[in-house]
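Chemist: Following this message is one structure expressed as structure tokens.
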Amino acid sequence: MHIYQLEVLSNVQVSSRYWHMKLDASPIREKIEPGQFFNIKCADDDSPFLRRPFSIYQINKQEKTIEFLYLVKGQGTIRLTDVSAGDRVDIFGPLGVGFTLNDDWDTVLLLARGVGIATLAALVQEAAVKHMKCIAILSARSYDDLLAAQTLKEFGAEVYEVTDEDGTSDVDKVQQLIEQLLIANDINAAFTCGSRRLSRLLQNMTRMYNIPAQIALEENMGCAMGVCYACVCDIQEDNEIKSVRVCKEGPVFDLEKVVLA
């Protein structure tokens, strides 16, 4: 992992709450995996003082570009919207442990909520390269927030959209949908990001159906290098609860091991 000054190719607002930024990644020599993240300095001055973690939305190996889809929520992301094409951003990474896609899997299930959809988009992109079928359940407050749905469809994913605004996103209805998909498909693995309640649901169901599953955790990070311990979570391993750092040991973990409060 290194610090890079990458050229911004575009940084545009794509909905009422989300922005999409594309960077020239040609200086990056490390391999970038879906599920990994970068720590970005959001402004040239010291406000905000700390960098912000951004999961990778798309990895374009031929174009040598990377993309981020981010929710404008606080001071850091507000300042990042000031960046324009031709500017350079100070970016640190790639960081963390990414998803694992076994070559012998044929069909995988994805369950994502909110900005977690962006985290799983790069995984769908990688699955398409491996000719793997992806079934994705995308949950959001409104259809306006389902920005990555079309991108996932373009990668060949079978997408099911559930939203608060049409009353289809509560846990019971999502559970019914997952049960239908498990009956209709031979699903080899599952992945989730973006919602504790949906992650708990998927954890219970993958245990019941004995399906391996992974989760990308979203936590507030300070250093993103495992030094400050600001992003600690608990996992259960060998009948013992252990505290681990999401930025260093994660952000991707086996779902069955994560203690979801």
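Labels for the structure tokens follow display order: chains A, B, ..., residues from 1 in each chain, ligands from 1.
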How close does segment 35-152 of chain A get to segment 162-167 of chain A? List, as a Markdown table, each residue of segment 35-152 of chain A within 12 Å, its nearest atom pair and the distance in Å to one decimal, counting only C-alpha atoms.
Modeler:
| residue | atom | partner | partner_atom | distance |
| --- | --- | --- | --- | --- |
| A:Leu111 | CA | A:Val162 | CA | 10.6 |
| A:Ala112 | CA | A:Val162 | CA | 10.2 |
| A:Arg113 | CA | A:Val162 | CA | 9.3 |
| A:Gly114 | CA | A:Thr163 | CA | 10.0 |
| A:Ala136 | CA | A:Val162 | CA | 10.7 |
| A:Ile137 | CA | A:Val162 | CA | 7.3 |
| A:Leu138 | CA | A:Val162 | CA | 6.1 |
| A:Ser139 | CA | A:Val162 | CA | 4.8 |
| A:Ala140 | CA | A:Thr163 | CA | 5.0 |
| A:Arg141 | CA | A:Asp164 | CA | 4.8 |
| A:Ser142 | CA | A:Thr163 | CA | 5.3 |
| A:Tyr143 | CA | A:Thr163 | CA | 6.7 |
| A:Asp144 | CA | A:Thr163 | CA | 9.8 |
| A:Asp145 | CA | A:Thr163 | CA | 9.1 |
| A:Leu146 | CA | A:Thr163 | CA | 8.8 |
| A:Ala149 | CA | A:Val162 | CA | 11.0 |
Chemist: Write out, as JSON lines, each residue of segment 31-78 of chain A that has an atom at most 10 Å from segment 206-216 of chain A, together with the closest pair of atoms and their distance in Å to one decimal, counting only C-alpha atoms, rows going by chain and rising number.
Modeler:
{"residue": "A:Gly35", "atom": "CA", "partner": "A:Ala216", "partner_atom": "CA", "distance": 6.6}
{"residue": "A:Gln36", "atom": "CA", "partner": "A:Ala216", "partner_atom": "CA", "distance": 9.0}
{"residue": "A:Ser55", "atom": "CA", "partner": "A:Ala216", "partner_atom": "CA", "distance": 9.5}
Chemist: Please provide the set of residues having any atom within 12 Å of Thr65 of chain A, restricted to only C-alpha atoms, with same-chain residues fewer than 3 positions apart removed, written as a ChimeraX atom specification.
Modeler: /A:6-10,21-28,32,56-62,68
Chemist: For Leu101 of chain A, which of A:Ile3, A:Val244, A:Leu181, A:Ala190 is the closest residue, counting only C-alpha atoms?
Modeler: A:Ala190
Chemist: Apply DSSP to the structure's backbone, then extract all residues of segment 10-242 of chain A labelled helix (DSSP H, G or I) and return them as an MDAnalysis selection string.
Modeler: chainID A and resid 75:80 116:129 143:145 149:154 171:184 196:208
Chemist: Looking at A:Leu147, A:Leu152, A:Met1, A:Val259, which one is nearest to Glu126 of chain A, with distances taken over only C-alpha atoms?
Modeler: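 The closest residue to Glu126 of chain A is A:Leu152.
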Chemist: Leaving out Phe49 of chain A and any residue of its chain fewer than 5 positions from it, which residues lie within 12 Å of it when counting only C-alpha atoms, given as a PyMOL selection string?
Modeler: chain A and resi 40-44+75-76+79+222-223
Chemist: Keeping only all heavy atoms, take the residues you just selected and write them out as a PDB file, in the first residue's frame.
Modeler:
ATOM      1  N   ILE A  40      -8.946   8.206   1.548  1.00  0.00           N
ATOM      2  CA  ILE A  40      -8.809   9.379   0.684  1.00  0.00           C
ATOM      3  C   ILE A  40      -8.774  10.659   1.512  1.00  0.00           C
ATOM      4  O   ILE A  40      -9.587  10.851   2.416  1.00  0.00           O
ATOM      5  CB  ILE A  40      -9.971   9.444  -0.329  1.00  0.00           C
ATOM      6  CG1 ILE A  40      -9.936   8.213  -1.240  1.00  0.00           C
ATOM      7  CG2 ILE A  40      -9.878  10.714  -1.171  1.00  0.00           C
ATOM      8  CD1 ILE A  40     -11.077   8.159  -2.245  1.00  0.00           C
ATOM      9  N   LYS A  41      -7.825  11.539   1.202  1.00  0.00           N
ATOM     10  CA  LYS A  41      -7.781  12.875   1.785  1.00  0.00           C
ATOM     11  C   LYS A  41      -8.795  13.733   1.027  1.00  0.00           C
ATOM     12  O   LYS A  41      -8.647  13.949  -0.180  1.00  0.00           O
ATOM     13  CB  LYS A  41      -6.368  13.457   1.668  1.00  0.00           C
ATOM     14  CG  LYS A  41      -6.107  14.676   2.507  1.00  0.00           C
ATOM     15  CD  LYS A  41      -4.617  15.052   2.439  1.00  0.00           C
ATOM     16  CE  LYS A  41      -4.282  16.138   3.454  1.00  0.00           C
ATOM     17  NZ  LYS A  41      -5.005  17.384   3.250  1.00  0.00           N
ATOM     18  N   CYS A  42      -9.804  14.184   1.729  1.00  0.00           N
ATOM     19  CA  CYS A  42     -10.946  14.798   1.053  1.00  0.00           C
ATOM     20  C   CYS A  42     -10.760  16.266   0.696  1.00  0.00           C
ATOM     21  O   CYS A  42     -11.589  16.842  -0.009  1.00  0.00           O
ATOM     22  CB  CYS A  42     -12.201  14.624   1.910  1.00  0.00           C
ATOM     23  SG  CYS A  42     -12.690  12.905   2.122  1.00  0.00           S
ATOM     24  N   ALA A  43      -9.706  16.915   1.234  1.00  0.00           N
ATOM     25  CA  ALA A  43      -9.473  18.330   0.923  1.00  0.00           C
ATOM     26  C   ALA A  43      -7.984  18.629   1.071  1.00  0.00           C
ATOM     27  O   ALA A  43      -7.253  17.906   1.744  1.00  0.00           O
ATOM     28  CB  ALA A  43     -10.293  19.222   1.851  1.00  0.00           C
ATOM     29  N   ASP A  44      -7.528  19.687   0.432  1.00  0.00           N
ATOM     30  CA  ASP A  44      -6.106  20.042   0.481  1.00  0.00           C
ATOM     31  C   ASP A  44      -5.690  20.585   1.844  1.00  0.00           C
ATOM     32  O   ASP A  44      -4.529  20.499   2.233  1.00  0.00           O
ATOM     33  CB  ASP A  44      -5.790  21.085  -0.599  1.00  0.00           C
ATOM     34  CG  ASP A  44      -5.861  20.483  -1.994  1.00  0.00           C
ATOM     35  OD1 ASP A  44      -5.663  19.247  -2.116  1.00  0.00           O
ATOM     36  OD2 ASP A  44      -6.133  21.230  -2.941  1.00  0.00           O
ATOM     37  N   GLN A  75     -18.717  15.930   6.700  1.00  0.00           N
ATOM     38  CA  GLN A  75     -17.793  16.979   6.256  1.00  0.00           C
ATOM     39  C   GLN A  75     -16.836  16.487   5.170  1.00  0.00           C
ATOM     40  O   GLN A  75     -16.555  17.197   4.195  1.00  0.00           O
ATOM     41  CB  GLN A  75     -16.991  17.475   7.453  1.00  0.00           C
ATOM     42  CG  GLN A  75     -16.079  18.640   7.135  1.00  0.00           C
ATOM     43  CD  GLN A  75     -15.248  19.048   8.342  1.00  0.00           C
ATOM     44  OE1 GLN A  75     -15.243  18.379   9.380  1.00  0.00           O
ATOM     45  NE2 GLN A  75     -14.541  20.153   8.203  1.00  0.00           N
ATOM     46  N   GLY A  76     -16.331  15.249   5.326  1.00  0.00           N
ATOM     47  CA  GLY A  76     -15.366  14.729   4.350  1.00  0.00           C
ATOM     48  C   GLY A  76     -15.960  14.576   2.968  1.00  0.00           C
ATOM     49  O   GLY A  76     -15.386  15.029   1.974  1.00  0.00           O
ATOM     50  N   ARG A  79     -16.706  17.914   1.289  1.00  0.00           N
ATOM     51  CA  ARG A  79     -15.520  18.548   0.699  1.00  0.00           C
ATOM     52  C   ARG A  79     -15.086  17.827  -0.577  1.00  0.00           C
ATOM     53  O   ARG A  79     -14.578  18.454  -1.516  1.00  0.00           O
ATOM     54  CB  ARG A  79     -14.362  18.553   1.709  1.00  0.00           C
ATOM     55  CG  ARG A  79     -14.567  19.420   2.935  1.00  0.00           C
ATOM     56  CD  ARG A  79     -14.647  20.913   2.604  1.00  0.00           C
ATOM     57  NE  ARG A  79     -13.524  21.427   1.870  1.00  0.00           N
ATOM     58  CZ  ARG A  79     -12.399  21.886   2.427  1.00  0.00           C
ATOM     59  NH1 ARG A  79     -12.283  21.886   3.741  1.00  0.00           N
ATOM     60  NH2 ARG A  79     -11.426  22.372   1.682  1.00  0.00           N
ATOM     61  N   GLY A 222     -10.064   5.391  11.836  1.00  0.00           N
ATOM     62  CA  GLY A 222      -9.190   6.527  12.058  1.00  0.00           C
ATOM     63  C   GLY A 222      -7.997   6.463  11.121  1.00  0.00           C
ATOM     64  O   GLY A 222      -7.923   7.164  10.120  1.00  0.00           O
ATOM     65  N   CYS A 223      -7.079   5.558  11.425  1.00  0.00           N
ATOM     66  CA  CYS A 223      -5.839   5.481  10.644  1.00  0.00           C
ATOM     67  C   CYS A 223      -5.964   4.580   9.428  1.00  0.00           C
ATOM     68  O   CYS A 223      -5.243   4.750   8.451  1.00  0.00           O
ATOM     69  CB  CYS A 223      -4.709   4.992  11.535  1.00  0.00           C
ATOM     70  SG  CYS A 223      -4.895   3.267  12.069  1.00  0.00           S
TER      71      CYS A 223
END
